[in-house]
Amino acid sequence: MTESSNTVVLEVRDLTKTYTSGDRELTVVQDVSFSLTKGSSAAIVGPSGSGKTTLLGLCAGLDAPSAGSVTLNQIHLGALDEEARARIRSQHVGFVFQTFQLLPTLTALENVMVPLELRGERGAAERARALLTRVGLGERLTHYPSQLSGGEQQRVALARAFVNRPLILFADEPTGNLDAETGRIVEDLLFELNREAGTTLLLVTHNLELASRTQRIISLRGGVVVSDDEAERVNGSAQVRA
Amino acid sequence: MAWRDGRSSTRHLALFLASMVVGVAALVAIESFRANLKNAVESQARSLLGADLQISQNSPFDERVESLIDSVGGEQAREIRFTSMAYFPGTHDTRITQVRAQEGAFPFYGSLETNPPEAGRRFRESRSALLDERLMLQFGMAPGDSVWVGTRSYVIGGALLRIPGESAMDALFGPRVYIPIADIDSTLLDAGSRVRFYTRFRLTDQAAVDAAADRFKALETEGGINVSTVEDASDNWSDALGNLYGFLSLLGFMALLLGGIGVAGAVHAYTKEKVALVATLRCLGARTVEAFLIYLTQAAAVGLVAAVLGATGGMLVQVLLPDVLADFLPVDVVVEAQWIAVAIGTVIGLFASIVFATIPLLAIRRVPALAALRAAFERPEPWFKDGMRWFVLLVVFGAVTGYAIWTTGRWTIGLWFAAGVLAVFLCLAGIARLVMWASRRYFPSSWPYVWRQGLANLYRPNNHTTVLVLALGLGTTLILTVYLLQFTLLGSVQGLDARGGANTILFDIQGDQIAGVEQTVRDLGLPVEEVTPVVTMRLKEVKGRTIDEIRDDSTMGHKWPFVREYRSTYRDTLTASETVVSGAWHGSGSGGRNYVSLEEEIAEGLGVEVGDDLVIDVQGVALPVTVGSVRSVEWRQMSSNFFMVFEPGLLSQAPRFYILATRVANEQEAADLQRAVVQAFPNVSLIDLDLILRTAGAILDRIAFVIRFMALFCIATGLLVLIASVSVSRLQRLRESVLLRTLGASAKQIGAILNIEQALLGMMAAITGTLLSFAVSWAIARFMFEIEWIPSWGAIPVAIVSVTTLTILFGTLGRGATVRRPPLEVLRNEL
């Protein structure tokens, strides 16, 4: 491993998230700890309701934890307000969502440009165009999301996720809404782009095949980490079920 | 199914509802007010005239009329009305007034409302005067002070608060002064003064009234006597108030149409969200018409709720209308629930809801079952290829036309209104489309991101640009048009002063006074701009036909030019405001004929041309003349203009009075002139440009207030449509905002994008509305008022800033917590 690959990009310590509903408290993530180094990849797996998406959101600074801490690129997110966390996301984070989450009112090109635009960077169009061409959508730059297929929309989302050269990419069921073949194409693209950019990848998935392509698998059940096997590959007889 | 599906869409449906409520409320309020007003006019019909029968004419009644008056009997009251200066010695102020000298217990029905109350009954016996309350306030008068009318001084007995059968607007044209007839200065009734003589009767029964009216009407054909019964007065007011109602009703209807646009916008957004559900229903075997009917049923149900709520609101709003219209009403209106009006408003509201909702709902018929599987690939057919949609649009146009015809009772107005509404709507929608196209075509790529995003939102899919430009633009157009017309009308009066000519007119100057009046004017250092002799006359024959023949000719239309009294002059030159359009000034001067020059519109009204013969009755002397020329006259001059101008010498022996025009430089000179003239020549009246300006300003203020009040319904609807549109698209905006937050956008950036979008919308609506209001006010000034349009450039920034600010403010209300939602919700897909 190189020196840079040992650099910790994401460090999660004793993370707990509790929601209060009336007089009832529901803990969806409990005492989760792990860290990811630069360029590494990890998958969070677990059954529905196990707290995967909540954990991903907390790691990305989309919500504040009830206890514990998240450190992203040496910055302790708990000390920041939402505005500052948004700035961190703008600088260091990329996202891919299960439901694509493209802005329906923007064309493919404009969707990809958004993260750079928000940072006020110049040359957004050129870089967005290049990335869309890279994901095979060079001919569909001016199409709106409603005019694209699911696979195409997710490829636009991938281009958007990588456009600001993120330090870390968070992916929430990136192939969950796609058929097997399209899903595989998107998977390949995701890992290719990730490798090319040297981005750290943390994804949430039910798809064991997808999870197996990462370097590390963290299994959640009831909000608690039940296994965290960095070296082992999950196979069909694994403990964790999708 | 309609109910089950609607339960989950209460927010959208509530917004749909809000758009209609204000329009229905406006209609119900106006309809209820009309019914209450009709009841008031019917129940107070006698007090509109104050008597059972009234006769009047412009000269003292001759012996035949007097003997008929005697024979009719009953209780009688006399009145002489004329214009004269009132002079207040306490403050040395003067004011031109409508003087009413009375004798007898008039009004027989209803009563003069005065302060103190007994003053109305006592002024005749106590030989005191009653003055309009506004006049007393203006000059700081109180009961016990004195006022001079002519050479007579009167103690002010009290203030006139209300005169039966007259609206407060009447006082604006000339404040009223009541004095006893026994104490009148008879010199004020000399030739030249505009004097009208009245006798009113209180009779025992209707048969006596009818018989007396018939006998007076028989005389009417000869002496220019006017006969009025309670029915006539009631009909006259009903016609006038009917016009008022029609006008207000059309303004209220505009609010309903705007609400309809809001409904169409809300249902359009609603329909888009239901595409997947409709497609699923179709997959499950629902027929096209069934899917369509589910949502039409929802629209009808919500429309009914909106109509009922609007009707309830309208019943509350109608309580305000008598106060808003107080200056225009001759009767006390008792506000009562009018269930027919409520029913009419509810039905119209329901109908409008259904029709306007149907336009976007028709798209549901075209949702294929396949859309449940592959929505992205299904492109809808262009709307203009849908014949059913054209049919519904035709129904809307027909309904608008039908309502306008029904409410005004006139085909022409109904058609013009519908065409005007269509033109304005097309114009606003066209400009909205044009701006959207231009924004996309010439998109400013170099602008900062938030600006580009805000601008781009104007033409993005599911935008509300057209609906909002329509709603806000129409409100702006209405309000600004009223203001611009007011500005033009007042400006045209002010423009007279700027031309530097005469700005003060002295009239009713008798022959033996003219030299003295001229001297008085010159002694004050003022110029005598013009001295004009005036002779009163009537037509006796036109092209060989007597006026009596013409009056009896039922085939002839407008007879007013034949029977009216003319005030004419004689001179040998044209004035600066006159141009001969046919013939030669004072004829060829040969053949020994007497020539008269006619103003072009009166010549047209009489149906005469150059060379036609007339016989003029100059105060009993028949004068045959030939039309020598026809003139166009620029009437908007502070100088004397006439329908008939004779050759000099032709009328030199006729009884006449004079008009003198002068120019004062300031208020002090005007006050000095008024005081000097009134003190030295009490029968001479004076009117200046400042008074005309103030009077016109006061009248226009009151008219504008009513129009603005009704326009408020349109503005309120426009703002509700704005809130509804922003709120309907809230889900989409919320998704976008939260997603942008997830991608790192700051709250400030998101707020800026939304503010910029709404500011651009507001500005676009304001600019479009302003342009339209300039065009509409220009057209009205040019073609209806026939005056020069005066633009108020200052109104442009005011309109743009205020409409834009309102749009952002109300847009923020509709936006809700869009900016503040935590981004994790996107990941959870909870939106």
# chains A, B, ... in the order shown; residues from 1 in each chain; ligands from 1

call {"tool": "residues_around", "arguments": {"residues": "Ala40 of chain B", "least_positions_apart": "2", "cutoff": "8 Å", "atoms": "only C-alpha atoms", "output": "PyMOL selection string"}}
result
chain B and resi 36-38+42-45+331-334

call {"tool": "write_last_selection", "arguments": {"atoms": "N, CA and C atoms", "output": "CSV table (one decimal), in the first residue's frame"}}
result
chain,number,residue,atom,x,y,z
B,36,ASN,N,-80.4,43.5,-3.6
B,36,ASN,CA,-80.7,44.4,-2.5
B,36,ASN,C,-81.0,45.8,-2.9
B,37,LEU,N,-80.2,46.2,-3.9
B,37,LEU,CA,-80.3,47.5,-4.5
B,37,LEU,C,-81.7,47.6,-5.2
B,38,LYS,N,-82.0,46.6,-5.9
B,38,LYS,CA,-83.3,46.6,-6.7
B,38,LYS,C,-84.5,46.7,-5.6
B,42,GLU,N,-87.1,49.9,-5.4
B,42,GLU,CA,-88.5,49.6,-5.4
B,42,GLU,C,-89.2,50.2,-4.2
B,43,SER,N,-88.6,49.9,-3.0
B,43,SER,CA,-89.3,50.3,-1.8
B,43,SER,C,-89.2,51.8,-1.5
B,44,GLN,N,-88.1,52.4,-2.1
B,44,GLN,CA,-88.0,53.8,-1.9
B,44,GLN,C,-88.2,54.6,-3.1
B,45,ALA,N,-89.0,54.1,-4.0
B,45,ALA,CA,-89.2,54.7,-5.3
B,45,ALA,C,-89.7,56.1,-5.2
B,331,VAL,N,-80.2,55.7,-2.7
B,331,VAL,CA,-81.1,55.1,-1.7
B,331,VAL,C,-80.3,54.4,-0.6
B,332,ASP,N,-80.9,54.1,0.5
B,332,ASP,CA,-80.3,53.3,1.5
B,332,ASP,C,-80.5,51.8,1.2
B,333,VAL,N,-79.4,51.1,1.1
B,333,VAL,CA,-79.5,49.7,0.8
B,333,VAL,C,-79.4,48.9,2.0
B,334,VAL,N,-80.4,48.1,2.2
B,334,VAL,CA,-80.5,47.2,3.4
B,334,VAL,C,-79.9,45.8,2.9

call {"tool": "select_by_dssp", "arguments": {"residues": "segment 68-165 of chain A", "states": "alpha helix (DSSP H)", "output": "ChimeraX atom specification"}}
result
/A:82-92,108-118,124-134,150-163

call {"tool": "closest_residue", "arguments": {"among": "A:Arg89, A:Ala43, A:Leu137, A:Ala79", "to": "Thr214 of chain A", "atoms": "only C-alpha atoms"}}
result
A:Ala43

call {"tool": "closest_atom_pairs", "arguments": {"of": "chain A", "to": "chain B", "cutoff": "9 Å", "atoms": "only C-alpha atoms", "output": "Markdown table"}}
result
| residue | atom | partner | partner_atom | distance |
| --- | --- | --- | --- | --- |
| A:Thr53 | CA | B:Leu827 | CA | 6.9 |
| A:Thr54 | CA | B:Leu824 | CA | 7.8 |
| A:Leu56 | CA | B:Leu827 | CA | 8.8 |
| A:Gly57 | CA | B:Leu824 | CA | 5.9 |
| A:Leu58 | CA | B:Leu824 | CA | 8.3 |
| A:Ala60 | CA | B:Thr742 | CA | 8.9 |
| A:Gly61 | CA | B:Leu824 | CA | 8.8 |
| A:Leu62 | CA | B:Leu824 | CA | 5.2 |
| A:Asp63 | CA | B:Leu824 | CA | 6.1 |
| A:Glu82 | CA | B:Ser746 | CA | 8.6 |
| A:Glu83 | CA | B:Ser746 | CA | 5.8 |
| A:Ala84 | CA | B:Ser746 | CA | 8.4 |
| A:Arg85 | CA | B:Gly744 | CA | 7.8 |
| A:Ala86 | CA | B:Gly744 | CA | 4.2 |
| A:Arg87 | CA | B:Gly744 | CA | 5.5 |
| A:Ile88 | CA | B:Gly744 | CA | 7.1 |
| A:Arg89 | CA | B:Gly744 | CA | 5.0 |
| A:Ser90 | CA | B:Gly744 | CA | 4.0 |
| A:Gln91 | CA | B:Gly744 | CA | 7.7 |
| A:Val93 | CA | B:Leu743 | CA | 7.8 |
| A:Gly94 | CA | B:Leu743 | CA | 7.3 |
| A:Phe95 | CA | B:Leu743 | CA | 7.4 |
| A:Phe97 | CA | B:Leu827 | CA | 6.9 |
| A:Gln98 | CA | B:Leu827 | CA | 8.3 |
| A:Thr99 | CA | B:Asn829 | CA | 8.0 |
| A:Gln101 | CA | B:Leu739 | CA | 7.2 |
| A:Leu102 | CA | B:Leu739 | CA | 8.2 |
| A:Leu103 | CA | B:Glu736 | CA | 5.9 |
| A:Pro104 | CA | B:Pro461 | CA | 7.7 |
| A:Thr105 | CA | B:Arg460 | CA | 5.2 |
| A:Leu106 | CA | B:Arg460 | CA | 7.3 |
| A:Val114 | CA | B:Leu740 | CA | 8.1 |
| A:Pro115 | CA | B:Leu743 | CA | 6.1 |
| A:Glu117 | CA | B:Tyr449 | CA | 5.7 |
| A:Leu118 | CA | B:Ala745 | CA | 5.9 |
| A:Arg119 | CA | B:Ala745 | CA | 8.2 |
| A:Gly120 | CA | B:Tyr449 | CA | 7.4 |
| A:Tyr144 | CA | B:Pro461 | CA | 8.8 |
| A:Pro145 | CA | B:Ala376 | CA | 8.3 |
| A:Ser146 | CA | B:Ala376 | CA | 5.1 |
| A:Gln147 | CA | B:Ala376 | CA | 5.4 |
| A:Leu148 | CA | B:Ala376 | CA | 6.4 |
| A:Ser149 | CA | B:Ala376 | CA | 6.6 |
| A:Gly150 | CA | B:Ala376 | CA | 8.8 |
| A:Ala161 | CA | B:Leu743 | CA | 8.8 |
| A:Asp172 | CA | B:Leu827 | CA | 7.4 |

call {"tool": "atom_distance", "arguments": {"atom1": "atom CA of Phe356 of chain B", "atom2": "atom CA of Val342 of chain B"}}
result
20.8 Å

call {"tool": "select_by_dssp", "arguments": {"residues": "segment 22-67 of chain A", "states": "strand (DSSP E or B)", "output": "VMD selection string"}}
result
chain A and resid 24 to 37 41 to 45 67

call {"tool": "residues_around", "arguments": {"residues": "segment 425-431 of chain B", "least_positions_apart": "2", "cutoff": "8 Å", "atoms": "only C-alpha atoms", "output": "PDB file with C-alpha atoms, in the first residue's frame"}}
result
ATOM      1  CA  VAL B 421     -60.845  39.102 -22.403  1.00  0.00           C
ATOM      2  CA  LEU B 422     -59.724  36.696 -25.092  1.00  0.00           C
ATOM      3  CA  ALA B 423     -57.368  39.293 -26.559  1.00  0.00           C
ATOM      4  CA  ARG B 433     -44.538  31.971 -24.250  1.00  0.00           C
ATOM      5  CA  LEU B 434     -42.362  34.433 -26.103  1.00  0.00           C
ATOM      6  CA  VAL B 435     -40.274  35.140 -22.999  1.00  0.00           C
ATOM      7  CA  THR B 466     -47.993  31.094 -18.370  1.00  0.00           C
ATOM      8  CA  VAL B 467     -50.502  30.667 -15.546  1.00  0.00           C
ATOM      9  CA  VAL B 469     -48.122  35.737 -15.980  1.00  0.00           C
ATOM     10  CA  LEU B 470     -51.833  35.505 -16.770  1.00  0.00           C
ATOM     11  CA  GLY B 473     -50.424  40.288 -15.377  1.00  0.00           C
ATOM     12  CA  LEU B 474     -54.193  40.667 -15.554  1.00  0.00           C
ATOM     13  CA  THR B 768     -46.498  42.566 -19.545  1.00  0.00           C
ATOM     14  CA  GLY B 769     -49.329  43.990 -17.470  1.00  0.00           C
TER      15      GLY B 769
END

call {"tool": "residues_around", "arguments": {"residues": "segment 181-198 of chain A", "least_positions_apart": "6", "cutoff": "7 Å", "atoms": "only C-alpha atoms", "output": "PDB file with N, CA and C atoms, in the first residue's frame"}}
result
ATOM      1  N   GLY A  39      -9.166   5.624  -1.574  1.00  0.00           N
ATOM      2  CA  GLY A  39      -9.181   4.686  -2.684  1.00  0.00           C
ATOM      3  C   GLY A  39      -9.795   3.345  -2.347  1.00  0.00           C
ATOM      4  N   GLY A 151     -31.461   3.088 -16.965  1.00  0.00           N
ATOM      5  CA  GLY A 151     -30.020   2.887 -17.020  1.00  0.00           C
ATOM      6  C   GLY A 151     -29.302   4.166 -17.414  1.00  0.00           C
ATOM      7  N   ARG A 155     -26.594   6.455 -15.332  1.00  0.00           N
ATOM      8  CA  ARG A 155     -25.282   6.807 -15.873  1.00  0.00           C
ATOM      9  C   ARG A 155     -25.059   8.321 -15.766  1.00  0.00           C
ATOM     10  N   LEU A 158     -24.111   8.876 -12.284  1.00  0.00           N
ATOM     11  CA  LEU A 158     -22.700   8.518 -12.057  1.00  0.00           C
ATOM     12  C   LEU A 158     -21.781   9.651 -12.514  1.00  0.00           C
ATOM     13  N   ARG A 165     -14.770  15.512  -8.840  1.00  0.00           N
ATOM     14  CA  ARG A 165     -13.592  14.748  -8.373  1.00  0.00           C
ATOM     15  C   ARG A 165     -13.678  14.529  -6.863  1.00  0.00           C
ATOM     16  N   THR A 175     -27.867   0.039  -8.154  1.00  0.00           N
ATOM     17  CA  THR A 175     -28.480  -0.742  -9.239  1.00  0.00           C
ATOM     18  C   THR A 175     -29.852  -1.282  -8.837  1.00  0.00           C
TER      19      THR A 175
END

call {"tool": "residues_around", "arguments": {"residues": "Leu36 of chain A", "least_positions_apart": "6", "cutoff": "12 Å", "atoms": "only C-alpha atoms", "output": "PDB file with C-alpha atoms, in the first residue's frame"}}
result
ATOM      1  CA  SER A   5      -3.766   4.822   0.346  1.00  0.00           C
ATOM      2  CA  ASN A   6      -3.298   4.648   4.106  1.00  0.00           C
ATOM      3  CA  THR A   7      -4.810   8.062   4.568  1.00  0.00           C
ATOM      4  CA  VAL A   8      -8.105   7.747   6.401  1.00  0.00           C
ATOM      5  CA  VAL A   9     -10.816   9.516   4.466  1.00  0.00           C
ATOM      6  CA  LEU A  10     -13.815   8.489   6.569  1.00  0.00           C
ATOM      7  CA  GLU A  11     -13.749   7.599  10.224  1.00  0.00           C
ATOM      8  CA  VAL A  12     -16.898   6.600  12.065  1.00  0.00           C
ATOM      9  CA  ARG A  13     -16.759   6.176  15.849  1.00  0.00           C
ATOM     10  CA  ALA A  42     -16.796  -0.896   1.156  1.00  0.00           C
ATOM     11  CA  ALA A  43     -20.368  -2.121   1.055  1.00  0.00           C
ATOM     12  CA  CYS A  59     -21.473   9.229   7.106  1.00  0.00           C
ATOM     13  CA  VAL A  70     -18.042  11.121  11.815  1.00  0.00           C
ATOM     14  CA  THR A  71     -14.761  12.487  10.542  1.00  0.00           C
ATOM     15  CA  LEU A  72     -14.546  13.139   6.815  1.00  0.00           C
ATOM     16  CA  ASN A  73     -11.159  14.043   5.400  1.00  0.00           C
ATOM     17  CA  GLN A  74      -9.941  14.998   8.882  1.00  0.00           C
ATOM     18  CA  LEU A 167     -12.709  12.215  -2.280  1.00  0.00           C
ATOM     19  CA  ILE A 168     -15.441   9.782  -1.362  1.00  0.00           C
ATOM     20  CA  LEU A 169     -18.480   8.468  -3.186  1.00  0.00           C
ATOM     21  CA  THR A 199     -12.159   7.741  -5.047  1.00  0.00           C
ATOM     22  CA  THR A 200     -13.120   6.058  -1.810  1.00  0.00           C
ATOM     23  CA  LEU A 201     -16.416   4.209  -2.262  1.00  0.00           C
ATOM     24  CA  LEU A 202     -19.013   3.381   0.346  1.00  0.00           C
ATOM     25  CA  LEU A 203     -22.127   1.770  -1.022  1.00  0.00           C
ATOM     26  CA  THR A 214     -15.893  -4.052  -2.922  1.00  0.00           C
ATOM     27  CA  GLN A 215     -12.882  -4.604  -0.699  1.00  0.00           C
ATOM     28  CA  ARG A 216     -14.870  -4.694   2.499  1.00  0.00           C
ATOM     29  CA  ILE A 217     -18.367  -5.634   3.599  1.00  0.00           C
ATOM     30  CA  ILE A 218     -20.017  -4.304   6.720  1.00  0.00           C
ATOM     31  CA  GLU A 230     -12.440  -6.498   5.189  1.00  0.00           C
TER      32      GLU A 230
END

call {"tool": "residues_around", "arguments": {"residues": "segment 786-794 of chain B", "least_positions_apart": "5", "cutoff": "8 Å", "atoms": "only C-alpha atoms", "output": "NGL selection string"}}
result
:B and (484 or 487-488 or 491-492 or 774 or 777-778 or 780-781)
